[in-house]
Amino acid sequence: MKILRDYQYVEDSDRGASAAIGNFDGVHLGHQSVIDLARQVAPDAPLGILTFDPHPRAYFAPDAAPFRLMSREARASRLEKLGVEMLFELNFNAALAALSPREFAQRVVRDGFGLSHIIVGADFCFGKGRSGTAQDLVRFGQEMAFDVTIAPLMSHADVTVSSTAIRRALSDGDPRSAAAMLGHWHRIEGPVIGGEQRGRELGYPTANMSIDGLHPPAFGVYAVLVDVLEGPHAGSYHGVASLGVRPMFGENQANLETFIFDFSGDLYDTPLSVALVEHLRPEEKFDGLDALITQMDADSRQAREILAAL
């Protein structure tokens, strides 16, 4: 997959793609349907995605609580797995935010990336103040010689599939409902970072990962699927993970600590992908380490049973 980040410097060979436009946070089933439509309406054109980084919401409210379901790198990886050939990942800045809907269509879509076909969701808004609509884009396409297809919204269990609905399910400790809307397990991805090695002392050595910048799912203990993405231990495993601030040990920054079943090896700095399968219990503070270990034993047994049934 080729990634382009500047619409003002595009080679002729990179023009003519059929591209879906959006933020694609989570790359959920609604996003996937739009990507499939982009592939179907122009099968002879390169399959592209036009998206933004940072997310416009983060640009306009930089001090707001983290909300992204995945990092930029995880999004690119997921899109590539879906067959996307061209990722137009625009830097969302003051200049881009100031473009009117017409200017965006002319400067970015037509003159910049030279897109041949645009696919957007029915609720798509664009341009300064989000003042442009999907219907406006259809009109601009007619004027500027690019085609536009509007994809219908998708629903699951009478809820419109959206990144907002997925965040809500994760906050409620319901990763299975989130997965039903995503079309895949919700994953936290990143390198293993150094910890205080308390888990090792308790007989549960963990691989620690930051969740900085991501929407935090409900704190607590989860049954998880673990993919070690690189190195001598690369492969897929089962495990149990604690997501939160570790109240037994004072005030801490929230992170994800994963105990991988039947595993032995050094994973520091190794990239992992941890899928949240089921929320076993909330995070809690125990009377002592013996009580904590007893509960960890029970959590591990329960997680093994759940994952064995997948």
# chains A, B, ... in the order shown; residues from 1 in each chain; ligands from 1
$ residues_around --residues "region 218-223 of chain A" --least-positions-apart "2" --cutoff "6 Å" --atoms "only C-alpha atoms" --output "number ranges by chain"
A: 171, 173, 240-244, 277-283, 303
$ write_last_selection --atoms "N, CA, C and O atoms" --output "PDB file, in the first residue's frame"
ATOM      1  N   SER A 171     -16.886   1.074  26.495  1.00  0.00           N
ATOM      2  CA  SER A 171     -16.990   1.726  27.805  1.00  0.00           C
ATOM      3  C   SER A 171     -17.915   0.965  28.737  1.00  0.00           C
ATOM      4  O   SER A 171     -17.744   1.001  29.961  1.00  0.00           O
ATOM      5  N   GLY A 173     -18.056  -2.203  28.878  1.00  0.00           N
ATOM      6  CA  GLY A 173     -17.479  -3.522  29.136  1.00  0.00           C
ATOM      7  C   GLY A 173     -18.096  -4.610  28.292  1.00  0.00           C
ATOM      8  O   GLY A 173     -18.224  -5.757  28.734  1.00  0.00           O
ATOM      9  N   VAL A 240      -4.814 -13.539  29.468  1.00  0.00           N
ATOM     10  CA  VAL A 240      -5.716 -12.757  30.307  1.00  0.00           C
ATOM     11  C   VAL A 240      -5.018 -11.427  30.562  1.00  0.00           C
ATOM     12  O   VAL A 240      -3.796 -11.386  30.727  1.00  0.00           O
ATOM     13  N   ALA A 241      -5.776 -10.352  30.545  1.00  0.00           N
ATOM     14  CA  ALA A 241      -5.158  -9.025  30.633  1.00  0.00           C
ATOM     15  C   ALA A 241      -5.898  -8.151  31.624  1.00  0.00           C
ATOM     16  O   ALA A 241      -7.126  -8.257  31.789  1.00  0.00           O
ATOM     17  N   SER A 242      -5.145  -7.276  32.272  1.00  0.00           N
ATOM     18  CA  SER A 242      -5.704  -6.279  33.172  1.00  0.00           C
ATOM     19  C   SER A 242      -5.547  -4.912  32.530  1.00  0.00           C
ATOM     20  O   SER A 242      -4.441  -4.505  32.169  1.00  0.00           O
ATOM     21  N   LEU A 243      -6.663  -4.222  32.380  1.00  0.00           N
ATOM     22  CA  LEU A 243      -6.661  -2.887  31.798  1.00  0.00           C
ATOM     23  C   LEU A 243      -7.049  -1.897  32.880  1.00  0.00           C
ATOM     24  O   LEU A 243      -8.133  -1.997  33.466  1.00  0.00           O
ATOM     25  N   GLY A 244      -6.162  -0.955  33.173  1.00  0.00           N
ATOM     26  CA  GLY A 244      -6.503   0.020  34.199  1.00  0.00           C
ATOM     27  C   GLY A 244      -5.296   0.603  34.883  1.00  0.00           C
ATOM     28  O   GLY A 244      -4.194   0.637  34.347  1.00  0.00           O
ATOM     29  N   VAL A 277     -11.697  -9.906  24.220  1.00  0.00           N
ATOM     30  CA  VAL A 277     -12.762 -10.852  23.881  1.00  0.00           C
ATOM     31  C   VAL A 277     -13.923 -10.768  24.865  1.00  0.00           C
ATOM     32  O   VAL A 277     -15.085 -10.687  24.470  1.00  0.00           O
ATOM     33  N   GLU A 278     -13.617 -10.802  26.147  1.00  0.00           N
ATOM     34  CA  GLU A 278     -14.696 -10.744  27.148  1.00  0.00           C
ATOM     35  C   GLU A 278     -14.197 -10.072  28.419  1.00  0.00           C
ATOM     36  O   GLU A 278     -13.091 -10.346  28.881  1.00  0.00           O
ATOM     37  N   HIS A 279     -15.036  -9.197  28.957  1.00  0.00           N
ATOM     38  CA  HIS A 279     -14.743  -8.501  30.207  1.00  0.00           C
ATOM     39  C   HIS A 279     -15.142  -9.417  31.370  1.00  0.00           C
ATOM     40  O   HIS A 279     -16.312  -9.746  31.541  1.00  0.00           O
ATOM     41  N   LEU A 280     -14.160  -9.854  32.139  1.00  0.00           N
ATOM     42  CA  LEU A 280     -14.422 -10.820  33.200  1.00  0.00           C
ATOM     43  C   LEU A 280     -14.911 -10.176  34.488  1.00  0.00           C
ATOM     44  O   LEU A 280     -15.797 -10.717  35.166  1.00  0.00           O
ATOM     45  N   ARG A 281     -14.317  -9.052  34.845  1.00  0.00           N
ATOM     46  CA  ARG A 281     -14.701  -8.385  36.094  1.00  0.00           C
ATOM     47  C   ARG A 281     -14.108  -6.975  36.097  1.00  0.00           C
ATOM     48  O   ARG A 281     -13.145  -6.687  35.379  1.00  0.00           O
ATOM     49  N   PRO A 282     -14.660  -6.085  36.921  1.00  0.00           N
ATOM     50  CA  PRO A 282     -14.084  -4.745  37.035  1.00  0.00           C
ATOM     51  C   PRO A 282     -12.749  -4.779  37.765  1.00  0.00           C
ATOM     52  O   PRO A 282     -12.423  -5.742  38.476  1.00  0.00           O
ATOM     53  N   GLU A 283     -11.999  -3.719  37.634  1.00  0.00           N
ATOM     54  CA  GLU A 283     -10.771  -3.561  38.395  1.00  0.00           C
ATOM     55  C   GLU A 283     -11.134  -3.351  39.862  1.00  0.00           C
ATOM     56  O   GLU A 283     -12.104  -2.670  40.181  1.00  0.00           O
ATOM     57  N   ALA A 303     -10.701 -17.309  31.777  1.00  0.00           N
ATOM     58  CA  ALA A 303     -10.288 -16.857  30.442  1.00  0.00           C
ATOM     59  C   ALA A 303      -9.957 -18.045  29.541  1.00  0.00           C
ATOM     60  O   ALA A 303     -10.319 -18.068  28.364  1.00  0.00           O
TER      61      ALA A 303
END
$ select_by_dssp --residues "region 185-233 of chain A" --states "strand (DSSP E)" --output "list in words"
His186, Arg187, Ile188, Glu189, Gly190, Pro191, Ala207, Asn208, Met209, Ser210, Gly220, Val221, Tyr222, Ala223, Val224, Leu225, Val226, Asp227 and Val228 of chain A
$ residues_around --residues "Leu182 (chain A)" --least-positions-apart "5" --cutoff "8 Å" --atoms "only C-alpha atoms" --output "PyMOL selection string"
chain A and resi 26-29+166
$ closest_atom_pairs --of "region 136-194 of chain A" --to "region 253-273 of chain A" --cutoff "9 Å" --atoms "only C-alpha atoms" --output "Markdown table"
| residue | atom | partner | partner_atom | distance |
| --- | --- | --- | --- | --- |
| A:Arg187 | CA | A:Ser273 | CA | 6.1 |
| A:Ile188 | CA | A:Ser273 | CA | 5.8 |
| A:Glu189 | CA | A:Ser273 | CA | 4.4 |
| A:Gly190 | CA | A:Pro271 | CA | 5.1 |
| A:Pro191 | CA | A:Pro271 | CA | 4.0 |
| A:Val192 | CA | A:Asp269 | CA | 4.8 |
| A:Ile193 | CA | A:Tyr268 | CA | 6.0 |
| A:Gly194 | CA | A:Tyr268 | CA | 6.8 |
$ residues_around --residues "Ala134 (chain A)" --least-positions-apart "2" --cutoff "10 Å" --atoms "only C-alpha atoms" --output "mmCIF file with all heavy atoms, in the first residue's frame"
data_model
loop_
_atom_site.group_PDB
_atom_site.id
_atom_site.type_symbol
_atom_site.label_atom_id
_atom_site.label_comp_id
_atom_site.auth_asym_id
_atom_site.auth_seq_id
_atom_site.Cartn_x
_atom_site.Cartn_y
_atom_site.Cartn_z
ATOM 1 N N ILE A 119 -16.471 7.758 -2.789
ATOM 2 C CA ILE A 119 -17.537 7.064 -2.073
ATOM 3 C C ILE A 119 -17.563 7.592 -0.655
ATOM 4 O O ILE A 119 -16.527 7.630 0.029
ATOM 5 C CB ILE A 119 -17.318 5.535 -2.074
ATOM 6 C CG1 ILE A 119 -17.336 5.004 -3.506
ATOM 7 C CG2 ILE A 119 -18.415 4.844 -1.255
ATOM 8 C CD1 ILE A 119 -16.001 5.103 -4.217
ATOM 9 N N VAL A 120 -18.726 8.033 -0.207
ATOM 10 C CA VAL A 120 -18.883 8.561 1.154
ATOM 11 C C VAL A 120 -20.143 7.985 1.781
ATOM 12 O O VAL A 120 -21.057 7.547 1.081
ATOM 13 C CB VAL A 120 -18.957 10.109 1.166
ATOM 14 C CG1 VAL A 120 -17.642 10.720 0.705
ATOM 15 C CG2 VAL A 120 -20.124 10.607 0.322
ATOM 16 N N GLY A 121 -20.194 8.006 3.103
ATOM 17 C CA GLY A 121 -21.399 7.604 3.807
ATOM 18 C C GLY A 121 -22.477 8.673 3.695
ATOM 19 O O GLY A 121 -22.186 9.846 3.405
ATOM 20 N N ALA A 122 -23.713 8.269 3.941
ATOM 21 C CA ALA A 122 -24.833 9.197 3.797
ATOM 22 C C ALA A 122 -24.748 10.367 4.767
ATOM 23 O O ALA A 122 -25.327 11.432 4.520
ATOM 24 C CB ALA A 122 -26.149 8.443 3.987
ATOM 25 N N ASP A 123 -24.020 10.202 5.874
ATOM 26 C CA ASP A 123 -23.913 11.268 6.870
ATOM 27 C C ASP A 123 -22.615 12.058 6.745
ATOM 28 O O ASP A 123 -22.230 12.790 7.645
ATOM 29 C CB ASP A 123 -24.018 10.677 8.280
ATOM 30 C CG ASP A 123 -22.939 9.638 8.571
ATOM 31 O OD1 ASP A 123 -22.238 9.229 7.629
ATOM 32 O OD2 ASP A 123 -22.816 9.233 9.748
ATOM 33 N N PHE A 124 -21.926 11.927 5.627
ATOM 34 C CA PHE A 124 -20.632 12.584 5.438
ATOM 35 C C PHE A 124 -20.781 14.099 5.414
ATOM 36 O O PHE A 124 -21.657 14.646 4.747
ATOM 37 C CB PHE A 124 -20.018 12.100 4.124
ATOM 38 C CG PHE A 124 -18.690 12.728 3.795
ATOM 39 C CD1 PHE A 124 -17.564 12.426 4.542
ATOM 40 C CD2 PHE A 124 -18.570 13.615 2.729
ATOM 41 C CE1 PHE A 124 -16.334 12.990 4.238
ATOM 42 C CE2 PHE A 124 -17.347 14.174 2.413
ATOM 43 C CZ PHE A 124 -16.221 13.870 3.178
ATOM 44 N N CYS A 125 -19.903 14.785 6.146
ATOM 45 C CA CYS A 125 -19.826 16.240 6.139
ATOM 46 C C CYS A 125 -18.371 16.638 5.922
ATOM 47 O O CYS A 125 -17.457 15.949 6.382
ATOM 48 C CB CYS A 125 -20.329 16.833 7.460
ATOM 49 S SG CYS A 125 -22.077 16.541 7.786
ATOM 50 N N PHE A 126 -18.138 17.745 5.271
ATOM 51 C CA PHE A 126 -16.768 18.134 4.954
ATOM 52 C C PHE A 126 -16.686 19.638 4.743
ATOM 53 O O PHE A 126 -17.699 20.341 4.615
ATOM 54 C CB PHE A 126 -16.274 17.398 3.702
ATOM 55 C CG PHE A 126 -16.955 17.820 2.423
ATOM 56 C CD1 PHE A 126 -16.277 18.598 1.491
ATOM 57 C CD2 PHE A 126 -18.261 17.442 2.131
ATOM 58 C CE1 PHE A 126 -16.885 19.004 0.314
ATOM 59 C CE2 PHE A 126 -18.884 17.831 0.957
ATOM 60 C CZ PHE A 126 -18.194 18.614 0.045
ATOM 61 N N GLY A 132 -20.306 21.194 4.296
ATOM 62 C CA GLY A 132 -20.641 20.458 3.088
ATOM 63 C C GLY A 132 -21.259 19.116 3.395
ATOM 64 O O GLY A 132 -20.915 18.460 4.377
ATOM 65 N N ASP A 136 -23.859 17.776 -1.557
ATOM 66 C CA ASP A 136 -23.005 18.826 -2.122
ATOM 67 C C ASP A 136 -21.862 18.211 -2.914
ATOM 68 O O ASP A 136 -21.498 18.708 -3.992
ATOM 69 C CB ASP A 136 -22.431 19.705 -1.005
ATOM 70 C CG ASP A 136 -23.473 20.583 -0.347
ATOM 71 O OD1 ASP A 136 -24.414 21.001 -1.045
ATOM 72 O OD2 ASP A 136 -23.332 20.850 0.859
ATOM 73 N N LEU A 137 -21.302 17.130 -2.400
ATOM 74 C CA LEU A 137 -20.188 16.477 -3.089
ATOM 75 C C LEU A 137 -20.654 15.899 -4.425
ATOM 76 O O LEU A 137 -19.920 15.948 -5.420
ATOM 77 C CB LEU A 137 -19.597 15.384 -2.201
ATOM 78 C CG LEU A 137 -18.231 14.829 -2.623
ATOM 79 C CD1 LEU A 137 -17.185 15.924 -2.689
ATOM 80 C CD2 LEU A 137 -17.784 13.740 -1.655
ATOM 81 N N VAL A 138 -21.870 15.371 -4.479
ATOM 82 C CA VAL A 138 -22.428 14.890 -5.747
ATOM 83 C C VAL A 138 -22.484 16.037 -6.758
ATOM 84 O O VAL A 138 -22.090 15.882 -7.933
ATOM 85 C CB VAL A 138 -23.832 14.293 -5.528
ATOM 86 C CG1 VAL A 138 -24.507 14.003 -6.867
ATOM 87 C CG2 VAL A 138 -23.745 13.021 -4.697
ATOM 88 N N ARG A 139 -22.946 17.185 -6.300
ATOM 89 C CA ARG A 139 -23.052 18.345 -7.193
ATOM 90 C C ARG A 139 -21.681 18.803 -7.685
ATOM 91 O O ARG A 139 -21.498 19.097 -8.870
ATOM 92 C CB ARG A 139 -23.781 19.473 -6.454
ATOM 93 C CG ARG A 139 -23.941 20.758 -7.249
ATOM 94 C CD ARG A 139 -24.979 21.662 -6.587
ATOM 95 N NE ARG A 139 -24.699 21.861 -5.173
ATOM 96 C CZ ARG A 139 -23.850 22.792 -4.702
ATOM 97 N NH1 ARG A 139 -23.204 23.565 -5.548
ATOM 98 N NH2 ARG A 139 -23.680 22.943 -3.404
ATOM 99 N N PHE A 140 -20.713 18.849 -6.779
ATOM 100 C CA PHE A 140 -19.363 19.243 -7.176
ATOM 101 C C PHE A 140 -18.774 18.236 -8.163
ATOM 102 O O PHE A 140 -18.061 18.605 -9.098
ATOM 103 C CB PHE A 140 -18.452 19.372 -5.953
ATOM 104 C CG PHE A 140 -18.837 20.471 -5.008
ATOM 105 C CD1 PHE A 140 -18.693 20.306 -3.634
ATOM 106 C CD2 PHE A 140 -19.349 21.671 -5.479
ATOM 107 C CE1 PHE A 140 -19.043 21.315 -2.754
ATOM 108 C CE2 PHE A 140 -19.713 22.692 -4.605
ATOM 109 C CZ PHE A 140 -19.562 22.504 -3.239
ATOM 110 N N VAL A 148 -19.425 10.354 -7.856
ATOM 111 C CA VAL A 148 -19.672 10.256 -6.416
ATOM 112 C C VAL A 148 -20.753 9.215 -6.176
ATOM 113 O O VAL A 148 -21.805 9.227 -6.827
ATOM 114 C CB VAL A 148 -20.112 11.602 -5.808
ATOM 115 C CG1 VAL A 148 -20.406 11.441 -4.317
ATOM 116 C CG2 VAL A 148 -19.041 12.674 -6.033
ATOM 117 N N THR A 149 -20.494 8.316 -5.237
ATOM 118 C CA THR A 149 -21.494 7.340 -4.803
ATOM 119 C C THR A 149 -21.705 7.504 -3.310
ATOM 120 O O THR A 149 -20.735 7.598 -2.550
ATOM 121 C CB THR A 149 -21.024 5.906 -5.096
ATOM 122 O OG1 THR A 149 -20.866 5.735 -6.507
ATOM 123 C CG2 THR A 149 -22.031 4.883 -4.575
ATOM 124 N N ILE A 150 -22.966 7.559 -2.894
ATOM 125 C CA ILE A 150 -23.302 7.688 -1.472
ATOM 126 C C ILE A 150 -23.686 6.321 -0.939
ATOM 127 O O ILE A 150 -24.617 5.684 -1.439
ATOM 128 C CB ILE A 150 -24.448 8.694 -1.257
ATOM 129 C CG1 ILE A 150 -24.039 10.075 -1.781
ATOM 130 C CG2 ILE A 150 -24.814 8.768 0.222
ATOM 131 C CD1 ILE A 150 -25.141 11.109 -1.686
ATOM 132 N N ALA A 151 -22.963 5.872 0.068
ATOM 133 C CA ALA A 151 -23.219 4.554 0.665
ATOM 134 C C ALA A 151 -24.241 4.688 1.787
ATOM 135 O O ALA A 151 -24.171 5.621 2.595
ATOM 136 C CB ALA A 151 -21.924 3.974 1.212
#
$ select_by_dssp --residues "region 45-161 of chain A" --states "alpha helix (DSSP H)" --output "VMD selection string"
chain A and resid 56 to 60 72 to 81 94 to 97 101 to 103 134 to 144
$ closest_residue --among "A:Lys128, A:Arg68, A:Arg110, A:Arg78" --to "Leu96 (chain A)" --atoms "only C-alpha atoms"
A:Lys128
$ residues_around --residues "His117 (chain A)" --least-positions-apart "2" --cutoff "8 Å" --atoms "only C-alpha atoms" --output "list of chain:residue names"
A:Gly16, A:Ala17, A:Ser18, A:Ala19, A:Ala38, A:Ala42, A:Leu115, A:Ile119, A:Phe146, A:Asp147, A:Val148, A:Thr149
$ closest_residue --among "A:Leu153, A:Ala94, A:Ile3, A:Met181" --to "Ala165 (chain A)" --atoms "only C-alpha atoms"
A:Met181
$ atom_distance --atom1 "CA of Leu37 (chain A)" --atom2 "CA of Leu79 (chain A)"
14.3 Å
$ closest_residue --among "A:Thr160, A:Gln135, A:Asn23, A:Ser71" --to "Arg57 (chain A)" --atoms "only C-alpha atoms"
A:Asn23
$ residues_around --residues "Tyr59 (chain A)" --least-positions-apart "2" --cutoff "12 Å" --atoms "only C-alpha atoms" --output "mmCIF file with N, CA, C and O atoms, in the first residue's frame"
data_model
loop_
_atom_site.group_PDB
_atom_site.id
_atom_site.type_symbol
_atom_site.label_atom_id
_atom_site.label_comp_id
_atom_site.auth_asym_id
_atom_site.auth_seq_id
_atom_site.Cartn_x
_atom_site.Cartn_y
_atom_site.Cartn_z
ATOM 1 N N PHE A 52 -7.630 11.426 7.360
ATOM 2 C CA PHE A 52 -6.987 12.576 7.997
ATOM 3 C C PHE A 52 -6.239 12.155 9.255
ATOM 4 O O PHE A 52 -6.648 11.247 9.971
ATOM 5 N N ASP A 53 -5.143 12.845 9.516
ATOM 6 C CA ASP A 53 -4.420 12.665 10.768
ATOM 7 C C ASP A 53 -3.716 13.981 11.112
ATOM 8 O O ASP A 53 -3.009 14.525 10.261
ATOM 9 N N PRO A 54 -3.938 14.534 12.316
ATOM 10 C CA PRO A 54 -4.785 13.959 13.352
ATOM 11 C C PRO A 54 -6.269 13.955 12.966
ATOM 12 O O PRO A 54 -6.660 14.623 12.014
ATOM 13 N N HIS A 55 -7.031 13.198 13.713
ATOM 14 C CA HIS A 55 -8.478 13.194 13.545
ATOM 15 C C HIS A 55 -8.976 14.632 13.735
ATOM 16 O O HIS A 55 -8.529 15.334 14.641
ATOM 17 N N PRO A 56 -9.872 15.133 12.863
ATOM 18 C CA PRO A 56 -10.361 16.509 13.022
ATOM 19 C C PRO A 56 -10.885 16.815 14.425
ATOM 20 O O PRO A 56 -10.690 17.926 14.935
ATOM 21 N N ARG A 57 -11.521 15.843 15.049
ATOM 22 C CA ARG A 57 -12.024 16.066 16.413
ATOM 23 C C ARG A 57 -10.877 16.365 17.374
ATOM 24 O O ARG A 57 -10.999 17.245 18.239
ATOM 25 N N ALA A 61 -10.327 19.956 19.378
ATOM 26 C CA ALA A 61 -10.428 19.853 20.849
ATOM 27 C C ALA A 61 -9.232 19.067 21.367
ATOM 28 O O ALA A 61 -9.375 17.921 21.812
ATOM 29 N N PRO A 62 -8.025 19.659 21.308
ATOM 30 C CA PRO A 62 -6.811 18.902 21.666
ATOM 31 C C PRO A 62 -6.753 18.473 23.124
ATOM 32 O O PRO A 62 -6.016 17.532 23.450
ATOM 33 N N ASP A 63 -7.506 19.134 23.991
ATOM 34 C CA ASP A 63 -7.474 18.792 25.411
ATOM 35 C C ASP A 63 -8.591 17.840 25.821
ATOM 36 O O ASP A 63 -8.738 17.511 27.004
ATOM 37 N N ALA A 64 -9.392 17.395 24.861
ATOM 38 C CA ALA A 64 -10.489 16.471 25.182
ATOM 39 C C ALA A 64 -9.934 15.097 25.529
ATOM 40 O O ALA A 64 -8.783 14.769 25.228
ATOM 41 N N PRO A 66 -9.079 11.193 25.415
ATOM 42 C CA PRO A 66 -8.746 10.348 24.259
ATOM 43 C C PRO A 66 -9.982 9.599 23.755
ATOM 44 O O PRO A 66 -10.802 9.128 24.542
ATOM 45 N N ASN A 91 -2.611 15.606 6.397
ATOM 46 C CA ASN A 91 -2.355 16.279 7.666
ATOM 47 C C ASN A 91 -3.480 17.283 7.901
ATOM 48 O O ASN A 91 -3.636 18.245 7.131
ATOM 49 N N PHE A 92 -4.270 17.048 8.952
ATOM 50 C CA PHE A 92 -5.385 17.961 9.216
ATOM 51 C C PHE A 92 -4.837 19.143 10.012
ATOM 52 O O PHE A 92 -4.502 19.027 11.183
ATOM 53 N N ASN A 93 -4.749 20.295 9.346
ATOM 54 C CA ASN A 93 -4.180 21.488 9.954
ATOM 55 C C ASN A 93 -5.086 22.689 9.686
ATOM 56 O O ASN A 93 -6.177 22.549 9.121
ATOM 57 N N ALA A 94 -4.618 23.879 10.070
ATOM 58 C CA ALA A 94 -5.438 25.082 9.936
ATOM 59 C C ALA A 94 -5.788 25.362 8.484
ATOM 60 O O ALA A 94 -6.916 25.771 8.165
ATOM 61 N N LEU A 96 -6.081 23.222 5.958
ATOM 62 C CA LEU A 96 -7.081 22.282 5.463
ATOM 63 C C LEU A 96 -8.443 22.570 6.084
ATOM 64 O O LEU A 96 -9.475 22.520 5.405
ATOM 65 N N ALA A 97 -8.452 22.884 7.382
ATOM 66 C CA ALA A 97 -9.714 23.155 8.069
ATOM 67 C C ALA A 97 -10.416 24.392 7.516
ATOM 68 O O ALA A 97 -11.637 24.523 7.623
#
$ decode --residues "region 167-178 of chain A" --atoms "N, CA, C and O atoms" --output "CSV table (one decimal), in the first residue's frame"
chain,number,residue,atom,x,y,z
A,167,ARG,N,-17.4,2.8,20.7
A,167,ARG,CA,-16.8,3.4,21.9
A,167,ARG,C,-17.7,3.1,23.1
A,167,ARG,O,-17.3,2.8,24.2
A,168,ARG,N,-19.0,3.3,22.9
A,168,ARG,CA,-20.0,3.2,24.0
A,168,ARG,C,-20.0,1.7,24.5
A,168,ARG,O,-20.0,1.4,25.7
A,169,ALA,N,-20.0,0.8,23.5
A,169,ALA,CA,-20.0,-0.7,23.9
A,169,ALA,C,-18.7,-1.0,24.7
A,169,ALA,O,-18.8,-1.7,25.7
A,170,LEU,N,-17.6,-0.5,24.3
A,170,LEU,CA,-16.3,-0.8,25.0
A,170,LEU,C,-16.4,-0.1,26.4
A,170,LEU,O,-15.9,-0.7,27.4
A,171,SER,N,-16.9,1.1,26.5
A,171,SER,CA,-17.0,1.7,27.8
A,171,SER,C,-17.9,1.0,28.7
A,171,SER,O,-17.7,1.0,30.0
A,172,ASP,N,-18.9,0.3,28.2
A,172,ASP,CA,-19.8,-0.5,28.9
A,172,ASP,C,-19.3,-1.9,29.3
A,172,ASP,O,-20.0,-2.7,29.9
A,173,GLY,N,-18.1,-2.2,28.9
A,173,GLY,CA,-17.5,-3.5,29.1
A,173,GLY,C,-18.1,-4.6,28.3
A,173,GLY,O,-18.2,-5.8,28.7
A,174,ASP,N,-18.5,-4.3,27.1
A,174,ASP,CA,-19.1,-5.2,26.2
A,174,ASP,C,-18.3,-5.4,24.9
A,174,ASP,O,-18.8,-4.9,23.8
A,175,PRO,N,-17.1,-6.0,24.9
A,175,PRO,CA,-16.3,-6.1,23.7
A,175,PRO,C,-17.0,-6.9,22.6
A,175,PRO,O,-16.6,-6.8,21.4
A,176,ARG,N,-17.9,-7.9,23.0
A,176,ARG,CA,-18.5,-8.7,21.9
A,176,ARG,C,-19.4,-7.9,21.1
A,176,ARG,O,-19.5,-8.1,19.9
A,177,SER,N,-20.2,-6.9,21.7
A,177,SER,CA,-21.0,-6.1,20.9
A,177,SER,C,-20.2,-5.1,20.0
A,177,SER,O,-20.5,-4.9,18.8
A,178,ALA,N,-19.1,-4.7,20.6
A,178,ALA,CA,-18.2,-3.8,19.8
A,178,ALA,C,-17.6,-4.6,18.6
A,178,ALA,O,-17.6,-4.1,17.4
